[in-house]
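Structure file upload.cif with mmCIF, C-alpha atoms:
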data_run
loop_
_atom_site.label_atom_id
_atom_site.label_comp_id
_atom_site.auth_asym_id
_atom_site.auth_seq_id
_atom_site.Cartn_x
_atom_site.Cartn_y
_atom_site.Cartn_z
CA MET W 46 5.43 13.05 18.64
CA ASN W 47 2.29 11.06 19.55
CA PHE W 48 3.74 7.56 19.91
CA HIS W 49 0.42 6.17 21.14
CA ALA W 50 -1.25 7.17 17.86
CA ILE W 51 1.60 5.72 15.80
CA ARG W 52 1.44 2.49 17.79
CA ALA W 53 -2.35 2.25 17.36
CA ILE W 54 -2.19 2.68 13.56
CA TYR W 55 0.82 0.39 13.29
CA LEU W 56 -0.71 -2.44 15.33
CA PHE W 57 -4.08 -2.12 13.60
CA GLU W 58 -2.44 -2.57 10.19
CA LEU W 59 -0.33 -5.49 11.40
CA ALA W 60 -3.42 -7.14 12.88
CA ARG W 61 -4.97 -7.16 9.41
CA THR W 62 -2.04 -9.28 8.24
CA TRP W 63 -2.69 -11.97 10.85
CA ARG W 64 -6.40 -11.98 9.97
CA THR W 65 -5.54 -12.64 6.32
CA LEU W 66 -2.51 -14.85 6.87
CA LEU W 67 -3.16 -17.05 3.85
CA GLN W 68 -3.33 -14.10 1.47
CA SER W 69 -0.68 -11.93 3.12
CA ILE W 70 2.04 -14.50 3.80
CA ALA W 71 1.27 -17.92 2.32
CA THR W 72 0.35 -16.77 -1.21
CA PRO W 73 3.54 -14.72 -1.90
CA VAL W 74 5.74 -17.46 -0.42
CA ILE W 75 4.11 -20.18 -2.53
CA SER W 76 4.24 -18.02 -5.68
CA THR W 77 7.94 -17.25 -5.21
CA SER W 78 8.68 -20.89 -4.40
CA LEU W 79 7.22 -21.84 -7.78
CA TYR W 80 9.72 -19.50 -9.43
CA PHE W 81 12.52 -21.30 -7.58
CA VAL W 82 11.21 -24.66 -8.74
CA VAL W 83 10.69 -23.68 -12.40
CA PHE W 84 13.55 -21.24 -13.01
CA GLY W 85 15.95 -22.51 -10.38
CA SER W 86 15.66 -26.28 -10.56
CA ALA W 87 14.14 -27.06 -13.97
CA ILE W 88 15.66 -24.33 -16.14
CA GLY W 89 18.60 -23.40 -13.91
CA SER W 90 20.17 -26.84 -14.21
CA ARG W 91 20.53 -26.24 -17.98
CA MET W 92 21.87 -22.67 -17.69
CA ALA W 93 25.52 -21.65 -17.56
CA ASP W 94 26.93 -19.96 -14.46
CA MET W 95 26.43 -16.20 -14.18
CA GLY W 96 29.72 -14.59 -13.17
CA GLY W 97 30.83 -17.73 -11.40
CA VAL W 98 27.48 -18.10 -9.59
CA GLY W 99 25.04 -20.91 -10.39
CA TYR W 100 21.92 -19.67 -12.14
CA ALA W 101 19.60 -21.01 -9.42
CA ALA W 102 21.47 -19.00 -6.78
CA PHE W 103 21.86 -15.99 -9.10
CA ILE W 104 18.10 -15.40 -9.36
CA VAL W 105 17.46 -15.58 -5.59
CA PRO W 106 18.15 -11.85 -4.91
CA GLY W 107 16.13 -10.83 -7.97
CA LEU W 108 13.11 -12.88 -6.95
CA ILE W 109 13.20 -11.61 -3.37
CA MET W 110 13.49 -8.01 -4.58
CA MET W 111 10.67 -8.48 -7.10
CA MET W 112 8.40 -9.80 -4.35
CA LEU W 113 9.50 -7.02 -1.99
CA LEU W 114 8.59 -4.30 -4.49
CA THR W 115 5.13 -5.63 -5.26
CA GLU W 116 4.20 -6.51 -1.67
CA SER W 117 5.43 -3.19 -0.24
CA ILE W 118 3.35 -1.26 -2.76
CA SER W 119 0.32 -3.49 -2.28
CA ASN W 120 0.42 -3.38 1.54
CA ALA W 121 0.83 0.39 1.77
CA SER W 122 -1.61 1.35 -1.01
CA PHE W 123 -4.37 -0.92 0.31
CA GLY W 124 -3.69 0.19 3.91
CA ILE W 125 -4.42 3.86 3.21
CA TYR W 126 -6.99 3.36 0.44
CA MET W 127 -9.38 1.27 2.52
CA PRO W 128 -9.95 3.99 5.18
CA ARG W 129 -10.58 6.47 2.35
CA TYR W 130 -12.96 4.05 0.63
CA SER W 131 -14.88 3.19 3.81
CA GLY W 132 -14.85 6.74 5.22
CA THR W 133 -12.97 5.82 8.39
CA ILE W 134 -10.13 8.13 7.33
CA TYR W 135 -12.15 10.98 8.89
CA GLU W 136 -11.70 9.38 12.32
CA VAL W 137 -7.94 9.45 11.86
CA LEU W 138 -7.89 13.01 10.48
CA SER W 139 -10.10 14.32 13.29
CA ALA W 140 -7.91 12.76 15.97
CA PRO W 141 -4.95 14.65 17.49
CA VAL W 142 -2.57 12.94 15.09
CA SER W 143 -0.14 14.76 12.81
CA TYR W 144 0.38 13.87 9.17
CA LEU W 145 3.88 12.64 9.98
CA GLU W 146 2.50 10.22 12.57
CA ILE W 147 -0.06 8.92 10.06
CA VAL W 148 2.68 8.23 7.52
CA ILE W 149 4.92 6.54 10.09
CA GLY W 150 2.06 4.29 11.26
CA TYR W 151 0.82 3.16 7.85
CA VAL W 152 4.17 3.01 6.06
CA GLY W 153 5.92 1.43 9.05
CA ALA W 154 3.37 -1.39 9.19
CA ALA W 155 3.54 -2.01 5.42
CA ALA W 156 7.34 -2.04 5.46
CA THR W 157 7.42 -4.38 8.46
CA LYS W 158 5.16 -6.88 6.71
CA SER W 159 7.32 -6.75 3.59
CA ILE W 160 10.57 -7.20 5.52
CA VAL W 161 9.19 -10.19 7.43
CA LEU W 162 7.92 -11.69 4.18
CA GLY W 163 11.28 -11.10 2.51
CA LEU W 164 13.11 -12.89 5.32
CA ILE W 165 10.65 -15.81 5.13
CA ILE W 166 11.22 -16.14 1.40
CA LEU W 167 14.97 -15.90 1.93
CA ALA W 168 14.75 -18.82 4.35
CA THR W 169 12.46 -20.70 1.96
CA ALA W 170 14.97 -20.26 -0.87
CA ARG W 171 17.52 -22.27 1.11
CA LEU W 172 15.23 -25.28 0.74
CA PHE W 173 15.71 -25.12 -3.04
CA VAL W 174 19.11 -23.46 -3.57
CA ASP W 175 22.45 -23.55 -1.77
CA PHE W 176 23.89 -20.02 -1.51
CA GLN W 177 25.88 -17.81 0.83
CA ILE W 178 25.39 -14.15 1.76
CA ALA W 179 28.72 -12.35 1.44
CA HIS W 180 27.58 -9.11 3.11
CA PRO W 181 24.60 -9.82 5.41
CA LEU W 182 24.47 -6.30 6.90
CA VAL W 183 24.35 -4.71 3.44
CA MET W 184 21.69 -7.24 2.47
CA LEU W 185 19.55 -6.18 5.45
CA LEU W 186 20.17 -2.51 4.64
CA PHE W 187 18.90 -2.90 1.08
CA LEU W 188 15.99 -5.02 2.29
CA VAL W 189 14.87 -2.38 4.80
CA LEU W 190 15.47 0.61 2.51
CA THR W 191 13.62 -0.99 -0.40
CA ALA W 192 10.67 -1.95 1.80
CA LEU W 193 10.45 1.57 3.23
CA THR W 194 10.88 3.28 -0.15
CA PHE W 195 8.24 1.28 -1.97
CA SER W 196 5.88 1.40 0.99
CA LEU W 197 6.10 5.19 0.69
CA PHE W 198 5.45 4.82 -3.04
CA GLY W 199 2.48 2.56 -2.32
CA PHE W 200 1.14 5.11 0.16
CA ILE W 201 1.20 7.70 -2.64
CA ILE W 202 -0.64 5.32 -4.98
CA GLY W 203 -3.26 4.63 -2.30
CA ILE W 204 -3.98 8.35 -2.00
CA TRP W 205 -3.89 8.95 -5.75
CA ALA W 206 -6.28 6.10 -6.57
CA ASN W 207 -9.99 6.88 -6.59
CA GLY W 208 -11.06 3.37 -7.54
CA TRP W 209 -9.96 -0.25 -7.26
CA GLU W 210 -8.80 -0.27 -10.87
CA LYS W 211 -6.36 2.59 -10.32
CA LEU W 212 -5.04 0.84 -7.24
CA GLN W 213 -3.74 -1.96 -9.49
CA ILE W 214 -2.63 0.01 -12.55
CA VAL W 215 0.82 1.10 -11.37
CA PRO W 216 1.87 -2.24 -9.76
CA SER W 217 0.58 -4.33 -12.67
CA LEU W 218 1.46 -2.21 -15.70
CA ILE W 219 4.58 -0.37 -14.51
CA VAL W 220 6.31 -1.89 -11.48
CA MET W 221 6.02 -5.57 -12.43
CA PRO W 222 7.37 -5.09 -16.00
CA LEU W 223 10.22 -2.95 -14.63
CA ALA W 224 11.04 -5.70 -12.14
CA PHE W 225 11.13 -8.37 -14.85
CA LEU W 226 13.28 -6.14 -17.08
CA GLY W 227 15.49 -5.00 -14.20
CA GLY W 228 17.75 -8.04 -14.13
CA SER W 229 15.75 -10.34 -11.87
CA PHE W 230 16.50 -13.34 -14.09
CA TYR W 231 19.61 -12.21 -15.97
CA SER W 232 22.64 -9.94 -15.88
CA ILE W 233 22.35 -6.80 -17.99
CA GLU W 234 25.85 -7.57 -19.28
CA MET W 235 24.16 -10.23 -21.43
CA LEU W 236 22.35 -7.49 -23.38
CA PRO W 237 23.68 -5.64 -26.44
CA PRO W 238 25.52 -2.38 -25.58
CA LEU W 239 22.61 -0.16 -26.64
CA TRP W 240 20.11 -2.08 -24.52
CA GLN W 241 22.49 -2.01 -21.56
CA LYS W 242 22.38 1.80 -21.65
CA ILE W 243 18.60 1.81 -22.02
CA THR W 244 18.22 -0.65 -19.14
CA LEU W 245 20.14 1.71 -16.84
CA LEU W 246 17.15 4.07 -17.09
CA ASN W 247 15.16 1.46 -15.17
CA PRO W 248 15.37 2.34 -11.43
CA VAL W 249 14.70 -1.27 -10.41
CA VAL W 250 18.05 -2.27 -11.95
CA TYR W 251 19.88 -0.43 -9.17
CA LEU W 252 17.84 -2.08 -6.42
CA ILE W 253 18.36 -5.60 -7.73
CA SER W 254 22.02 -4.99 -8.55
CA GLY W 255 22.84 -3.67 -5.08
CA PHE W 256 20.91 -6.44 -3.39
CA ARG W 257 22.67 -9.07 -5.54
CA TRP W 258 26.06 -7.57 -4.63
CA SER W 259 25.30 -8.18 -0.96
CA PHE W 260 24.92 -11.89 -1.76
CA PHE W 261 27.78 -12.56 -4.17
CA GLY W 262 30.02 -9.48 -4.16
CA GLU W 263 29.29 -9.01 -7.89
CA SER W 264 26.83 -6.61 -9.49
CA ASP W 265 25.96 -4.88 -12.75
CA VAL W 266 26.09 -1.44 -11.13
CA ASN W 267 28.41 -0.05 -8.46
CA VAL W 268 26.87 -0.72 -5.05
CA ALA W 269 27.35 2.91 -3.95
CA VAL W 270 25.36 4.07 -6.99
CA SER W 271 22.64 1.52 -6.17
CA LEU W 272 22.43 2.79 -2.61
CA GLY W 273 22.34 6.41 -3.77
CA MET W 274 19.52 5.72 -6.23
CA THR W 275 17.51 3.96 -3.53
CA LEU W 276 17.93 6.86 -1.10
CA GLY W 277 17.15 9.35 -3.87
CA PHE W 278 13.87 7.62 -4.73
CA MET W 279 12.97 7.51 -1.04
CA LEU W 280 13.58 11.25 -0.75
CA LEU W 281 11.42 11.88 -3.82
CA CYS W 282 8.57 9.86 -2.29
CA LEU W 283 8.87 11.81 0.97
CA LEU W 284 8.69 15.11 -0.92
CA VAL W 285 5.57 13.98 -2.80
CA ILE W 286 3.89 12.84 0.44
CA GLY W 287 4.77 16.19 2.02
CA TRP W 288 3.09 17.98 -0.89
CA ILE W 289 0.02 15.74 -0.58
CA PHE W 290 -0.48 16.60 3.08
CA ARG W 291 0.16 20.31 2.55
CA THR W 292 -2.44 20.51 -0.21
CA GLY W 293 -4.87 17.86 1.12
CA TYR W 294 -4.84 16.22 -2.31
CA ARG W 295 -7.56 13.52 -2.39
CA LEU W 296 -6.89 12.61 1.21
CA LYS W 297 -10.55 12.85 2.18
CA ASN W 298 -12.08 11.56 -1.04
#

Any chance you could give the structure as structure tokens?
Amino acid sequence: MNFHAIRAIYLFELARTWRTLLQSIATPVISTSLYFVVFGSAIGSRMADMGGVGYAAFIVPGLIMMMLLTESISNASFGIYMPRYSGTIYEVLSAPVSYLEIVIGYVGAAATKSIVLGLIILATARLFVDFQIAHPLVMLLFLVLTALTFSLFGFIIGIWANGWEKLQIVPSLIVMPLAFLGGSFYSIEMLPPLWQKITLLNPVVYLISGFRWSFFGESDVNVAVSLGMTLGFMLLCLLVIGWIFRTGYRLKN
């Protein structure tokens, strides 16, 4: 394992975050804070409790998870797409660096940025909402696993995309709607029975439900099922990335 190569890729990607601090950190924090103000303070004060939890506190895990999904995908997809777009990917591929080391470097940096951002937003939420975390270790586990899983997914999108438009299609038209419909702002128990069953086909439901359980000890889906679905999606992403590197699919385009 070439740890020097991994470290070089990892630090280079992290350095890009500090060069674009306003876009990488400030913008997501401000955007999520607006959700806390509008849905938590303005609307939340007029909403009934959700399973014994105030509405403002109830939406905190959903908002953090929604941000985590979008930022993980964005960081990883842009991180690998830019070298392909500029042609600098050939420097990486010609170096004595294995495909595994490339994935660890790019995905590790994207996941790190998302985890740090998630923790910042978690701290920011305390300025607007009073809440407790019932299972902090489980919360960190879901935070890390989700960041890693969707960074892997973003890496796949960055290789699949052959233009800036395609880079935004999946996050904008698929992931964001699934996040909104995955219980970020409501419990799926509020839906009619038929729609509850349909909603369970949405993989984001399991992420948000498990993450919410770590806060309040209550969830729409069993926490073990949520954890299993997260690990299953991570494994699927790893298998797809393995196929990409074996076939060289669009890696050099």

The PyMOL selection byres ((chain W and resi 188-198) around 6) on the file shown: which residues, as a ChimeraX atom specification? /W:117-118,121,152,156,185-187,199-201,279,282

Taking (-7.7, 3.5, 2.5) in the file's coordinates, which residues come within 12 Å, counting only C-alpha atoms, written as an MDAnalysis selection string? chainID W and resid 58 119:135 137 151 199:209 212 295:298

Could you check which of W:Ile233, W:Leu252, W:Ile219, W:Leu280 is closest to Leu113 in chain W, using all atoms listed in the file? W:Leu252

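Computed from the coordinates, the CA of Asp265 in chain W to CA of Leu167 in chain W distance equals 21.4 Å.
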
Would you work out the distance separating CA of Gly99 in chain W from CA of Ile165 in chain W, expressed in Å to one decimal? 21.8 Å

Determine the residue set returned by the PyMOL selection byres ((chain W and resi 73) around 10) for the present structure, and present it as an MDAnalysis selection string. chainID W and resid 67:72 74:79 112:113 115:116 162:163 166

Using the selection just defined, write its residues with C-alpha atoms as a PDB file, in the coordinates of the input.
ATOM      1  CA  LEU W  67      -3.160 -17.050   3.850  1.00  0.00           C
ATOM      2  CA  GLN W  68      -3.330 -14.100   1.470  1.00  0.00           C
ATOM      3  CA  SER W  69      -0.680 -11.930   3.120  1.00  0.00           C
ATOM      4  CA  ILE W  70       2.040 -14.500   3.800  1.00  0.00           C
ATOM      5  CA  ALA W  71       1.270 -17.920   2.320  1.00  0.00           C
ATOM      6  CA  THR W  72       0.350 -16.770  -1.210  1.00  0.00           C
ATOM      7  CA  VAL W  74       5.740 -17.460  -0.420  1.00  0.00           C
ATOM      8  CA  ILE W  75       4.110 -20.180  -2.530  1.00  0.00           C
ATOM      9  CA  SER W  76       4.240 -18.020  -5.680  1.00  0.00           C
ATOM     10  CA  THR W  77       7.940 -17.250  -5.210  1.00  0.00           C
ATOM     11  CA  SER W  78       8.680 -20.890  -4.400  1.00  0.00           C
ATOM     12  CA  LEU W  79       7.220 -21.840  -7.780  1.00  0.00           C
ATOM     13  CA  MET W 112       8.400  -9.800  -4.350  1.00  0.00           C
ATOM     14  CA  LEU W 113       9.500  -7.020  -1.990  1.00  0.00           C
ATOM     15  CA  THR W 115       5.130  -5.630  -5.260  1.00  0.00           C
ATOM     16  CA  GLU W 116       4.200  -6.510  -1.670  1.00  0.00           C
ATOM     17  CA  LEU W 162       7.920 -11.690   4.180  1.00  0.00           C
ATOM     18  CA  GLY W 163      11.280 -11.100   2.510  1.00  0.00           C
ATOM     19  CA  ILE W 166      11.220 -16.140   1.400  1.00  0.00           C
TER      20      ILE W 166
END

Can you spell out as a ChimeraX atom specification the set of residues that the PyMOL selection byres ((chain W and resi 49) around 12) selects in the structure I just provided? /W:46-48,50-56,140-143,146-147,149-150

Distance of CA of Met184 in chain W from CA of Leu164 in chain W, expressed in Å to one decimal place: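 CA of Leu164 in chain W sits 10.7 Å away from CA of Met184 in chain W.
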
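Omitting Ser264 in chain W and its sequence neighbours fewer than 4 positions away, and counting all atoms listed in the file, the residues within 12 Å are Met95, Gly96, Gly97, Val98, Phe103, Pro106, Gly107, Gly228, Ser229, Tyr231, Ser232, Ile233, Glu234, Val250, Tyr251, Leu252, Ile253, Ser254, Gly255, Phe256, Arg257, Trp258, Ser259, Phe260, Val268, Ala269, Val270 and Ser271 of chain W.
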
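By only C-alpha atoms, and with residues fewer than 6 positions from Met111 in chain W along its chain excluded, the set lying at most 8 Å from it is W:Met221, W:Ala224, W:Phe225, W:Ser229.
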
For the residues in the current selection, export C-alpha atoms as a short mmCIF file (atom, residue, chain, number, x, y, z; two decimals), in the coordinates of the input.
data_model
loop_
_atom_site.label_atom_id
_atom_site.label_comp_id
_atom_site.auth_asym_id
_atom_site.auth_seq_id
_atom_site.Cartn_x
_atom_site.Cartn_y
_atom_site.Cartn_z
CA MET W 221 6.02 -5.57 -12.43
CA ALA W 224 11.04 -5.70 -12.14
CA PHE W 225 11.13 -8.37 -14.85
CA SER W 229 15.75 -10.34 -11.87
#

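If you measure from each of W:Lys211, W:His180, W:Lys242, W:Arg171 to Glu263 in chain W using all atoms listed in the file, the closest one turns out to be W:His180.
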
In terms of the shortest atom-to-atom distance over only C-alpha atoms, which of W:Leu138, W:Ala102, W:Val83, W:Leu223 is closest to Leu114 in chain W?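 For Leu114 in chain W, the nearest of the given residues is W:Leu223.
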
Working from the structure I just supplied, which lacks atoms in range 178-198 of chain W, can you model N, CA and C atoms there and output them as a PDB file, in the frame of the given file?
ATOM      1  N   ILE W 178      25.562 -15.599   1.778  1.00  0.00           N
ATOM      2  CA  ILE W 178      25.390 -14.150   1.760  1.00  0.00           C
ATOM      3  C   ILE W 178      26.718 -13.523   2.163  1.00  0.00           C
ATOM      4  N   ALA W 179      27.384 -12.891   1.196  1.00  0.00           N
ATOM      5  CA  ALA W 179      28.720 -12.350   1.440  1.00  0.00           C
ATOM      6  C   ALA W 179      28.704 -11.157   2.390  1.00  0.00           C
ATOM      7  N   HIS W 180      27.665 -10.329   2.294  1.00  0.00           N
ATOM      8  CA  HIS W 180      27.580  -9.110   3.110  1.00  0.00           C
ATOM      9  C   HIS W 180      26.195  -9.030   3.746  1.00  0.00           C
ATOM     10  N   PRO W 181      25.958  -9.763   4.827  1.00  0.00           N
ATOM     11  CA  PRO W 181      24.600  -9.820   5.410  1.00  0.00           C
ATOM     12  C   PRO W 181      24.074  -8.475   5.892  1.00  0.00           C
ATOM     13  N   LEU W 182      24.943  -7.604   6.426  1.00  0.00           N
ATOM     14  CA  LEU W 182      24.470  -6.300   6.900  1.00  0.00           C
ATOM     15  C   LEU W 182      24.018  -5.424   5.735  1.00  0.00           C
ATOM     16  N   VAL W 183      24.757  -5.476   4.628  1.00  0.00           N
ATOM     17  CA  VAL W 183      24.350  -4.710   3.440  1.00  0.00           C
ATOM     18  C   VAL W 183      23.050  -5.285   2.884  1.00  0.00           C
ATOM     19  N   MET W 184      22.919  -6.602   2.940  1.00  0.00           N
ATOM     20  CA  MET W 184      21.690  -7.240   2.470  1.00  0.00           C
ATOM     21  C   MET W 184      20.491  -6.736   3.275  1.00  0.00           C
ATOM     22  N   LEU W 185      20.632  -6.682   4.598  1.00  0.00           N
ATOM     23  CA  LEU W 185      19.550  -6.180   5.450  1.00  0.00           C
ATOM     24  C   LEU W 185      19.275  -4.707   5.185  1.00  0.00           C
ATOM     25  N   LEU W 186      20.344  -3.938   4.927  1.00  0.00           N
ATOM     26  CA  LEU W 186      20.170  -2.510   4.640  1.00  0.00           C
ATOM     27  C   LEU W 186      19.335  -2.313   3.384  1.00  0.00           C
ATOM     28  N   PHE W 187      19.666  -3.022   2.313  1.00  0.00           N
ATOM     29  CA  PHE W 187      18.900  -2.900   1.080  1.00  0.00           C
ATOM     30  C   PHE W 187      17.473  -3.412   1.262  1.00  0.00           C
ATOM     31  N   LEU W 188      17.315  -4.473   2.041  1.00  0.00           N
ATOM     32  CA  LEU W 188      15.990  -5.020   2.290  1.00  0.00           C
ATOM     33  C   LEU W 188      15.103  -3.995   2.985  1.00  0.00           C
ATOM     34  N   VAL W 189      15.634  -3.361   4.027  1.00  0.00           N
ATOM     35  CA  VAL W 189      14.870  -2.380   4.800  1.00  0.00           C
ATOM     36  C   VAL W 189      14.595  -1.122   3.970  1.00  0.00           C
ATOM     37  N   LEU W 190      15.632  -0.607   3.298  1.00  0.00           N
ATOM     38  CA  LEU W 190      15.470   0.610   2.510  1.00  0.00           C
ATOM     39  C   LEU W 190      14.470   0.424   1.372  1.00  0.00           C
ATOM     40  N   THR W 191      14.549  -0.724   0.701  1.00  0.00           N
ATOM     41  CA  THR W 191      13.620  -0.990  -0.400  1.00  0.00           C
ATOM     42  C   THR W 191      12.187  -1.109   0.109  1.00  0.00           C
ATOM     43  N   ALA W 192      12.005  -1.816   1.233  1.00  0.00           N
ATOM     44  CA  ALA W 192      10.670  -1.950   1.800  1.00  0.00           C
ATOM     45  C   ALA W 192      10.098  -0.597   2.199  1.00  0.00           C
ATOM     46  N   LEU W 193      10.909   0.248   2.823  1.00  0.00           N
ATOM     47  CA  LEU W 193      10.450   1.570   3.230  1.00  0.00           C
ATOM     48  C   LEU W 193      10.135   2.446   2.011  1.00  0.00           C
ATOM     49  N   THR W 194      11.045   2.427   1.033  1.00  0.00           N
ATOM     50  CA  THR W 194      10.880   3.280  -0.150  1.00  0.00           C
ATOM     51  C   THR W 194       9.616   2.938  -0.912  1.00  0.00           C
ATOM     52  N   PHE W 195       9.391   1.657  -1.162  1.00  0.00           N
ATOM     53  CA  PHE W 195       8.240   1.280  -1.970  1.00  0.00           C
ATOM     54  C   PHE W 195       6.953   1.235  -1.142  1.00  0.00           C
ATOM     55  N   SER W 196       7.064   1.198   0.165  1.00  0.00           N
ATOM     56  CA  SER W 196       5.880   1.400   0.990  1.00  0.00           C
ATOM     57  C   SER W 196       5.445   2.861   0.917  1.00  0.00           C
ATOM     58  N   LEU W 197       6.418   3.773   0.898  1.00  0.00           N
ATOM     59  CA  LEU W 197       6.100   5.190   0.690  1.00  0.00           C
ATOM     60  C   LEU W 197       5.455   5.402  -0.680  1.00  0.00           C
ATOM     61  N   PHE W 198       6.008   4.726  -1.692  1.00  0.00           N
ATOM     62  CA  PHE W 198       5.450   4.820  -3.040  1.00  0.00           C
ATOM     63  C   PHE W 198       4.031   4.259  -3.078  1.00  0.00           C
TER      64      PHE W 198
END
